[in-house]
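Below is the file model08.cif, which contains mmCIF, C-alpha atoms, pLDDT in the B column; chains and numbers go by the auth columns.
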data_final
#
loop_
_atom_site.group_PDB
_atom_site.id
_atom_site.type_symbol
_atom_site.label_atom_id
_atom_site.label_comp_id
_atom_site.label_asym_id
_atom_site.label_seq_id
_atom_site.Cartn_x
_atom_site.Cartn_y
_atom_site.Cartn_z
_atom_site.B_iso_or_equiv
_atom_site.auth_seq_id
_atom_site.auth_asym_id
ATOM 1 C CA MET A 1 -88.088 18.822 20.043 72.00 47 W
ATOM 2 C CA ASP A 2 -90.602 20.968 18.174 74.00 48 W
ATOM 3 C CA VAL A 3 -88.285 21.058 15.140 81.00 49 W
ATOM 4 C CA LEU A 4 -88.331 17.240 14.944 84.00 50 W
ATOM 5 C CA ASN A 5 -91.979 16.929 15.958 83.00 51 W
ATOM 6 C CA GLY A 6 -94.295 14.637 14.039 84.00 52 W
ATOM 7 C CA LYS A 7 -94.401 11.180 12.607 89.00 53 W
ATOM 8 C CA TRP A 8 -92.109 11.674 9.603 94.00 54 W
ATOM 9 C CA LYS A 9 -89.250 14.103 10.260 94.00 55 W
ATOM 10 C CA ILE A 10 -86.824 11.689 11.914 91.00 56 W
ATOM 11 C CA ALA A 11 -87.458 9.114 9.172 93.00 57 W
ATOM 12 C CA ILE A 12 -86.797 11.758 6.493 95.00 58 W
ATOM 13 C CA ILE A 13 -83.604 12.932 8.169 94.00 59 W
ATOM 14 C CA SER A 14 -82.513 9.305 8.601 91.00 60 W
ATOM 15 C CA SER A 15 -83.001 8.603 4.891 93.00 61 W
ATOM 16 C CA ILE A 16 -80.979 11.647 3.869 94.00 62 W
ATOM 17 C CA CYS A 17 -78.379 10.984 6.578 89.00 63 W
ATOM 18 C CA TYR A 18 -77.833 7.380 5.480 87.00 64 W
ATOM 19 C CA TYR A 19 -77.347 8.187 1.787 89.00 65 W
ATOM 20 C CA ASN A 20 -75.911 11.740 2.104 89.00 66 W
ATOM 21 C CA LYS A 21 -77.972 13.016 -0.852 93.00 67 W
ATOM 22 C CA ARG A 22 -81.465 11.878 -1.800 95.00 68 W
ATOM 23 C CA ARG A 23 -83.999 12.754 -4.439 95.00 69 W
ATOM 24 C CA PHE A 24 -87.641 13.319 -3.517 94.00 70 W
ATOM 25 C CA SER A 25 -88.701 10.004 -5.057 93.00 71 W
ATOM 26 C CA ASP A 26 -85.938 8.147 -3.194 96.00 72 W
ATOM 27 C CA ILE A 27 -87.086 9.516 0.160 96.00 73 W
ATOM 28 C CA LEU A 28 -90.695 8.713 -0.762 96.00 74 W
ATOM 29 C CA GLY A 29 -89.670 5.118 -1.463 95.00 75 W
ATOM 30 C CA ASP A 30 -87.703 4.848 1.784 95.00 76 W
ATOM 31 C CA ILE A 31 -90.604 5.851 4.028 95.00 77 W
ATOM 32 C CA GLU A 32 -93.582 3.550 3.959 95.00 78 W
ATOM 33 C CA GLY A 33 -96.947 5.276 4.277 96.00 79 W
ATOM 34 C CA ILE A 34 -95.954 8.902 3.643 96.00 80 W
ATOM 35 C CA SER A 35 -97.820 10.772 0.904 96.00 81 W
ATOM 36 C CA ASN A 36 -96.284 13.129 -1.669 95.00 82 W
ATOM 37 C CA LYS A 37 -98.056 16.064 -0.067 96.00 83 W
ATOM 38 C CA MET A 38 -96.874 15.220 3.457 97.00 84 W
ATOM 39 C CA LEU A 39 -93.279 14.607 2.335 97.00 85 W
ATOM 40 C CA SER A 40 -93.264 17.931 0.522 96.00 86 W
ATOM 41 C CA LYS A 41 -94.614 19.722 3.617 96.00 87 W
ATOM 42 C CA GLU A 42 -92.105 18.088 5.948 96.00 88 W
ATOM 43 C CA LEU A 43 -89.164 18.787 3.635 97.00 89 W
ATOM 44 C CA LYS A 44 -90.157 22.464 3.480 96.00 90 W
ATOM 45 C CA GLU A 45 -90.266 22.644 7.284 95.00 91 W
ATOM 46 C CA LEU A 46 -86.868 20.938 7.605 96.00 92 W
ATOM 47 C CA GLU A 47 -85.443 23.355 5.049 96.00 93 W
ATOM 48 C CA LEU A 48 -86.974 26.314 6.888 95.00 94 W
ATOM 49 C CA ASN A 49 -85.265 25.100 10.074 95.00 95 W
ATOM 50 C CA LYS A 50 -81.959 24.850 8.174 96.00 96 W
ATOM 51 C CA LEU A 51 -81.581 21.114 8.726 96.00 97 W
ATOM 52 C CA ILE A 52 -81.655 20.195 5.033 96.00 98 W
ATOM 53 C CA LYS A 53 -80.618 21.901 1.830 97.00 99 W
ATOM 54 C CA ARG A 54 -82.652 21.637 -1.373 97.00 100 W
ATOM 55 C CA THR A 55 -80.788 21.749 -4.678 96.00 101 W
ATOM 56 C CA VAL A 56 -82.505 21.901 -8.063 94.00 102 W
ATOM 57 C CA LEU A 57 -80.345 20.209 -10.693 91.00 103 W
ATOM 58 C CA ASP A 58 -80.426 21.339 -14.305 89.00 104 W
ATOM 59 C CA THR A 59 -81.567 18.032 -15.798 89.00 105 W
ATOM 60 C CA GLN A 60 -84.422 16.934 -18.041 90.00 106 W
ATOM 61 C CA PRO A 61 -86.769 16.451 -16.252 89.00 107 W
ATOM 62 C CA VAL A 62 -85.700 18.675 -13.368 89.00 108 W
ATOM 63 C CA THR A 63 -84.221 16.746 -10.442 90.00 109 W
ATOM 64 C CA VAL A 64 -84.413 17.994 -6.867 93.00 110 W
ATOM 65 C CA GLN A 65 -81.848 16.704 -4.421 96.00 111 W
ATOM 66 C CA TYR A 66 -81.819 16.988 -0.633 97.00 112 W
ATOM 67 C CA GLU A 67 -78.875 16.808 1.756 96.00 113 W
ATOM 68 C CA LEU A 68 -78.202 17.694 5.365 96.00 114 W
ATOM 69 C CA THR A 69 -76.790 21.129 6.075 96.00 115 W
ATOM 70 C CA GLU A 70 -73.754 21.425 8.333 95.00 116 W
ATOM 71 C CA HIS A 71 -76.196 22.200 11.138 95.00 117 W
ATOM 72 C CA GLY A 72 -78.346 19.211 10.159 94.00 118 W
ATOM 73 C CA LYS A 73 -75.316 16.916 10.280 93.00 119 W
ATOM 74 C CA THR A 74 -75.138 17.540 14.019 92.00 120 W
ATOM 75 C CA LEU A 75 -78.189 15.255 14.246 91.00 121 W
ATOM 76 C CA GLN A 76 -76.273 12.253 12.853 88.00 122 W
ATOM 77 C CA THR A 77 -75.049 11.112 16.277 90.00 123 W
ATOM 78 C CA ILE A 78 -78.565 11.402 17.699 88.00 124 W
ATOM 79 C CA ILE A 79 -80.047 9.448 14.762 86.00 125 W
ATOM 80 C CA ASN A 80 -77.381 6.740 15.104 87.00 126 W
ATOM 81 C CA ASN A 81 -78.019 6.484 18.851 91.00 127 W
ATOM 82 C CA LEU A 82 -81.778 6.195 18.280 87.00 128 W
ATOM 83 C CA THR A 83 -81.165 3.466 15.681 85.00 129 W
ATOM 84 C CA ASP A 84 -78.931 1.521 18.061 90.00 130 W
ATOM 85 C CA TRP A 85 -81.470 1.894 20.862 92.00 131 W
ATOM 86 C CA GLY A 86 -84.282 0.726 18.570 87.00 132 W
ATOM 87 C CA ILE A 87 -82.372 -2.421 17.607 88.00 133 W
ATOM 88 C CA LYS A 88 -81.621 -3.232 21.261 93.00 134 W
ATOM 89 C CA HIS A 89 -85.210 -2.490 22.250 93.00 135 W
ATOM 90 C CA ARG A 90 -86.566 -4.822 19.566 89.00 136 W
ATOM 91 C CA LYS A 91 -84.240 -7.604 20.797 91.00 137 W
ATOM 92 C CA GLU A 92 -85.427 -6.984 24.354 91.00 138 W
ATOM 93 C CA ILE A 93 -89.089 -7.197 23.359 92.00 139 W
ATOM 94 C CA ILE A 94 -89.016 -10.100 20.914 89.00 140 W
ATOM 95 C CA GLY A 95 -85.881 -11.808 22.161 78.00 141 W
ATOM 96 C CA LYS A 96 -83.968 -11.741 18.863 63.00 142 W
#
I'd like the structure from this file rewritten - as structure tokens, please.
Amino acid sequence: MDVLNGKWKIAIISSICYYNKRRFSDILGDIEGISNKMLSKELKELELNKLIKRTVLDTQPVTVQYELTEHGKTLQTIINNLTDWGIKHRKEIIGK
């Protein structure tokens, strides 16, 4: 659980998981309330733990793309289960 600890990591992984590959700005737009500095820090930690792979593309300006590693893809089932649970939980609480 320490690897996924914190407010943002699951949201970051979910964003990358849903789209397969995401740019920094795309992830930033997906996650309401996260700062550039915090996203950068969290992405570095996820990369250090070999859950995501960072690729620098040779474009003008330089584009950085993130995707799940093979090891990171093992989280997809867990993320999907959490999403399903969240939807059911919301229906239970608000009745919709």
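Across the chains present, the PyMOL selection byres ((chain W and resi 112) around 6) applied to this file returns Lys67, Arg68, Lys99, Arg100, Gln111 and Glu113 of chain W.
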- Which residues match the PyMOL selection byres ((chain W and resi 88) around 12) in the file above, as a ChimeraX atom specification? /W:49-59,70,73-74,80-87,89-95,97-98
- Anything within 9 Å of (-79.4, 8.5, 14.2): list those residues as an NGL selection string, counting all atoms listed in the file and sticking to the file's coordinates. :W and (56 or 59-60 or 63-64 or 121-130)
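Between atom CA of W:Gln106 and atom CA of W:Asp72 the interatomic distance comes to 17.3 Å.
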- Atom pair atom CA of W:Tyr65 / atom CA of W:Lys96: separation (Å): 18.4 Å
Generate all heavy atoms for stretch 94-105 of chain W and emit them as a PDB file, in the frame of the given file.
ATOM      1  N   LEU W  94     -86.745  25.071   6.161  1.00 95.00           N
ATOM      2  CA  LEU W  94     -86.974  26.314   6.888  1.00 95.00           C
ATOM      3  C   LEU W  94     -86.164  26.355   8.189  1.00 95.00           C
ATOM      4  O   LEU W  94     -85.633  27.391   8.573  1.00 95.00           O
ATOM      5  CB  LEU W  94     -88.470  26.475   7.193  1.00 95.00           C
ATOM      6  CG  LEU W  94     -88.901  27.732   7.914  1.00 95.00           C
ATOM      7  CD1 LEU W  94     -88.706  28.950   7.019  1.00 95.00           C
ATOM      8  CD2 LEU W  94     -90.352  27.636   8.339  1.00 95.00           C
ATOM      9  N   ASN W  95     -86.030  25.201   8.831  1.00 95.00           N
ATOM     10  CA  ASN W  95     -85.265  25.100  10.074  1.00 95.00           C
ATOM     11  C   ASN W  95     -83.775  24.845   9.836  1.00 95.00           C
ATOM     12  O   ASN W  95     -83.029  24.541  10.768  1.00 95.00           O
ATOM     13  CB  ASN W  95     -85.852  24.004  10.964  1.00 95.00           C
ATOM     14  CG  ASN W  95     -87.101  24.480  11.665  1.00 95.00           C
ATOM     15  OD1 ASN W  95     -87.053  25.390  12.473  1.00 95.00           O
ATOM     16  ND2 ASN W  95     -88.236  23.874  11.329  1.00 95.00           N
ATOM     17  N   LYS W  96     -83.365  24.952   8.575  1.00 96.00           N
ATOM     18  CA  LYS W  96     -81.959  24.850   8.174  1.00 96.00           C
ATOM     19  C   LYS W  96     -81.312  23.521   8.537  1.00 96.00           C
ATOM     20  O   LYS W  96     -80.129  23.446   8.840  1.00 96.00           O
ATOM     21  CB  LYS W  96     -81.158  26.027   8.723  1.00 96.00           C
ATOM     22  CG  LYS W  96     -81.686  27.343   8.213  1.00 96.00           C
ATOM     23  CD  LYS W  96     -80.831  28.496   8.625  1.00 96.00           C
ATOM     24  CE  LYS W  96     -81.461  29.762   8.038  1.00 96.00           C
ATOM     25  NZ  LYS W  96     -80.637  30.903   8.144  1.00 96.00           N
ATOM     26  N   LEU W  97     -82.109  22.454   8.480  1.00 96.00           N
ATOM     27  CA  LEU W  97     -81.581  21.114   8.726  1.00 96.00           C
ATOM     28  C   LEU W  97     -81.244  20.404   7.422  1.00 96.00           C
ATOM     29  O   LEU W  97     -80.374  19.544   7.391  1.00 96.00           O
ATOM     30  CB  LEU W  97     -82.573  20.289   9.538  1.00 96.00           C
ATOM     31  CG  LEU W  97     -82.839  20.806  10.949  1.00 96.00           C
ATOM     32  CD1 LEU W  97     -83.905  19.966  11.627  1.00 96.00           C
ATOM     33  CD2 LEU W  97     -81.566  20.821  11.768  1.00 96.00           C
ATOM     34  N   ILE W  98     -81.956  20.765   6.343  1.00 96.00           N
ATOM     35  CA  ILE W  98     -81.655  20.195   5.033  1.00 96.00           C
ATOM     36  C   ILE W  98     -81.512  21.310   4.008  1.00 96.00           C
ATOM     37  O   ILE W  98     -82.019  22.415   4.194  1.00 96.00           O
ATOM     38  CB  ILE W  98     -82.724  19.179   4.561  1.00 96.00           C
ATOM     39  CG1 ILE W  98     -84.084  19.856   4.382  1.00 96.00           C
ATOM     40  CG2 ILE W  98     -82.808  18.000   5.490  1.00 96.00           C
ATOM     41  CD1 ILE W  98     -85.097  18.990   3.679  1.00 96.00           C
ATOM     42  N   LYS W  99     -80.819  20.966   2.938  1.00 97.00           N
ATOM     43  CA  LYS W  99     -80.618  21.901   1.830  1.00 97.00           C
ATOM     44  C   LYS W  99     -81.240  21.281   0.589  1.00 97.00           C
ATOM     45  O   LYS W  99     -81.038  20.100   0.303  1.00 97.00           O
ATOM     46  CB  LYS W  99     -79.119  22.120   1.636  1.00 97.00           C
ATOM     47  CG  LYS W  99     -78.758  23.008   0.481  1.00 97.00           C
ATOM     48  CD  LYS W  99     -77.240  23.155   0.424  1.00 97.00           C
ATOM     49  CE  LYS W  99     -76.798  23.087  -1.018  1.00 97.00           C
ATOM     50  NZ  LYS W  99     -75.348  23.082  -1.160  1.00 97.00           N
ATOM     51  N   ARG W 100     -81.987  22.071  -0.138  1.00 97.00           N
ATOM     52  CA  ARG W 100     -82.652  21.637  -1.373  1.00 97.00           C
ATOM     53  C   ARG W 100     -81.888  22.201  -2.553  1.00 97.00           C
ATOM     54  O   ARG W 100     -81.647  23.405  -2.627  1.00 97.00           O
ATOM     55  CB  ARG W 100     -84.082  22.168  -1.362  1.00 97.00           C
ATOM     56  CG  ARG W 100     -84.913  21.808  -2.554  1.00 97.00           C
ATOM     57  CD  ARG W 100     -86.313  22.425  -2.382  1.00 97.00           C
ATOM     58  NE  ARG W 100     -87.213  22.005  -3.407  1.00 97.00           N
ATOM     59  CZ  ARG W 100     -87.416  22.654  -4.561  1.00 97.00           C
ATOM     60  NH1 ARG W 100     -86.756  23.765  -4.819  1.00 97.00           N
ATOM     61  NH2 ARG W 100     -88.270  22.196  -5.444  1.00 97.00           N
ATOM     62  N   THR W 101     -81.514  21.321  -3.486  1.00 96.00           N
ATOM     63  CA  THR W 101     -80.788  21.749  -4.678  1.00 96.00           C
ATOM     64  C   THR W 101     -81.553  21.284  -5.907  1.00 96.00           C
ATOM     65  O   THR W 101     -81.887  20.108  -6.032  1.00 96.00           O
ATOM     66  CB  THR W 101     -79.369  21.128  -4.703  1.00 96.00           C
ATOM     67  OG1 THR W 101     -78.699  21.470  -3.492  1.00 96.00           O
ATOM     68  CG2 THR W 101     -78.567  21.629  -5.883  1.00 96.00           C
ATOM     69  N   VAL W 102     -81.833  22.223  -6.803  1.00 94.00           N
ATOM     70  CA  VAL W 102     -82.505  21.901  -8.063  1.00 94.00           C
ATOM     71  C   VAL W 102     -81.421  21.714  -9.115  1.00 94.00           C
ATOM     72  O   VAL W 102     -80.635  22.629  -9.378  1.00 94.00           O
ATOM     73  CB  VAL W 102     -83.489  23.019  -8.473  1.00 94.00           C
ATOM     74  CG1 VAL W 102     -84.155  22.674  -9.801  1.00 94.00           C
ATOM     75  CG2 VAL W 102     -84.528  23.255  -7.387  1.00 94.00           C
ATOM     76  N   LEU W 103     -81.354  20.523  -9.686  1.00 91.00           N
ATOM     77  CA  LEU W 103     -80.345  20.209 -10.693  1.00 91.00           C
ATOM     78  C   LEU W 103     -80.888  20.497 -12.084  1.00 91.00           C
ATOM     79  O   LEU W 103     -82.074  20.277 -12.363  1.00 91.00           O
ATOM     80  CB  LEU W 103     -79.930  18.742 -10.581  1.00 91.00           C
ATOM     81  CG  LEU W 103     -79.400  18.305  -9.215  1.00 91.00           C
ATOM     82  CD1 LEU W 103     -79.162  16.804  -9.190  1.00 91.00           C
ATOM     83  CD2 LEU W 103     -78.125  19.049  -8.871  1.00 91.00           C
ATOM     84  N   ASP W 104     -80.038  20.980 -12.942  1.00 89.00           N
ATOM     85  CA  ASP W 104     -80.426  21.339 -14.305  1.00 89.00           C
ATOM     86  C   ASP W 104     -80.405  20.093 -15.192  1.00 89.00           C
ATOM     87  O   ASP W 104     -79.488  19.869 -15.977  1.00 89.00           O
ATOM     88  CB  ASP W 104     -79.470  22.403 -14.854  1.00 89.00           C
ATOM     89  CG  ASP W 104     -79.934  22.973 -16.181  1.00 89.00           C
ATOM     90  OD1 ASP W 104     -81.139  22.877 -16.485  1.00 89.00           O
ATOM     91  OD2 ASP W 104     -79.082  23.502 -16.920  1.00 89.00           O
ATOM     92  N   THR W 105     -81.432  19.254 -15.015  1.00 89.00           N
ATOM     93  CA  THR W 105     -81.567  18.032 -15.798  1.00 89.00           C
ATOM     94  C   THR W 105     -82.931  18.027 -16.475  1.00 89.00           C
ATOM     95  O   THR W 105     -83.786  18.843 -16.158  1.00 89.00           O
ATOM     96  CB  THR W 105     -81.450  16.788 -14.889  1.00 89.00           C
ATOM     97  OG1 THR W 105     -82.463  16.864 -13.876  1.00 89.00           O
ATOM     98  CG2 THR W 105     -80.080  16.696 -14.240  1.00 89.00           C
TER      99      THR W 105
END
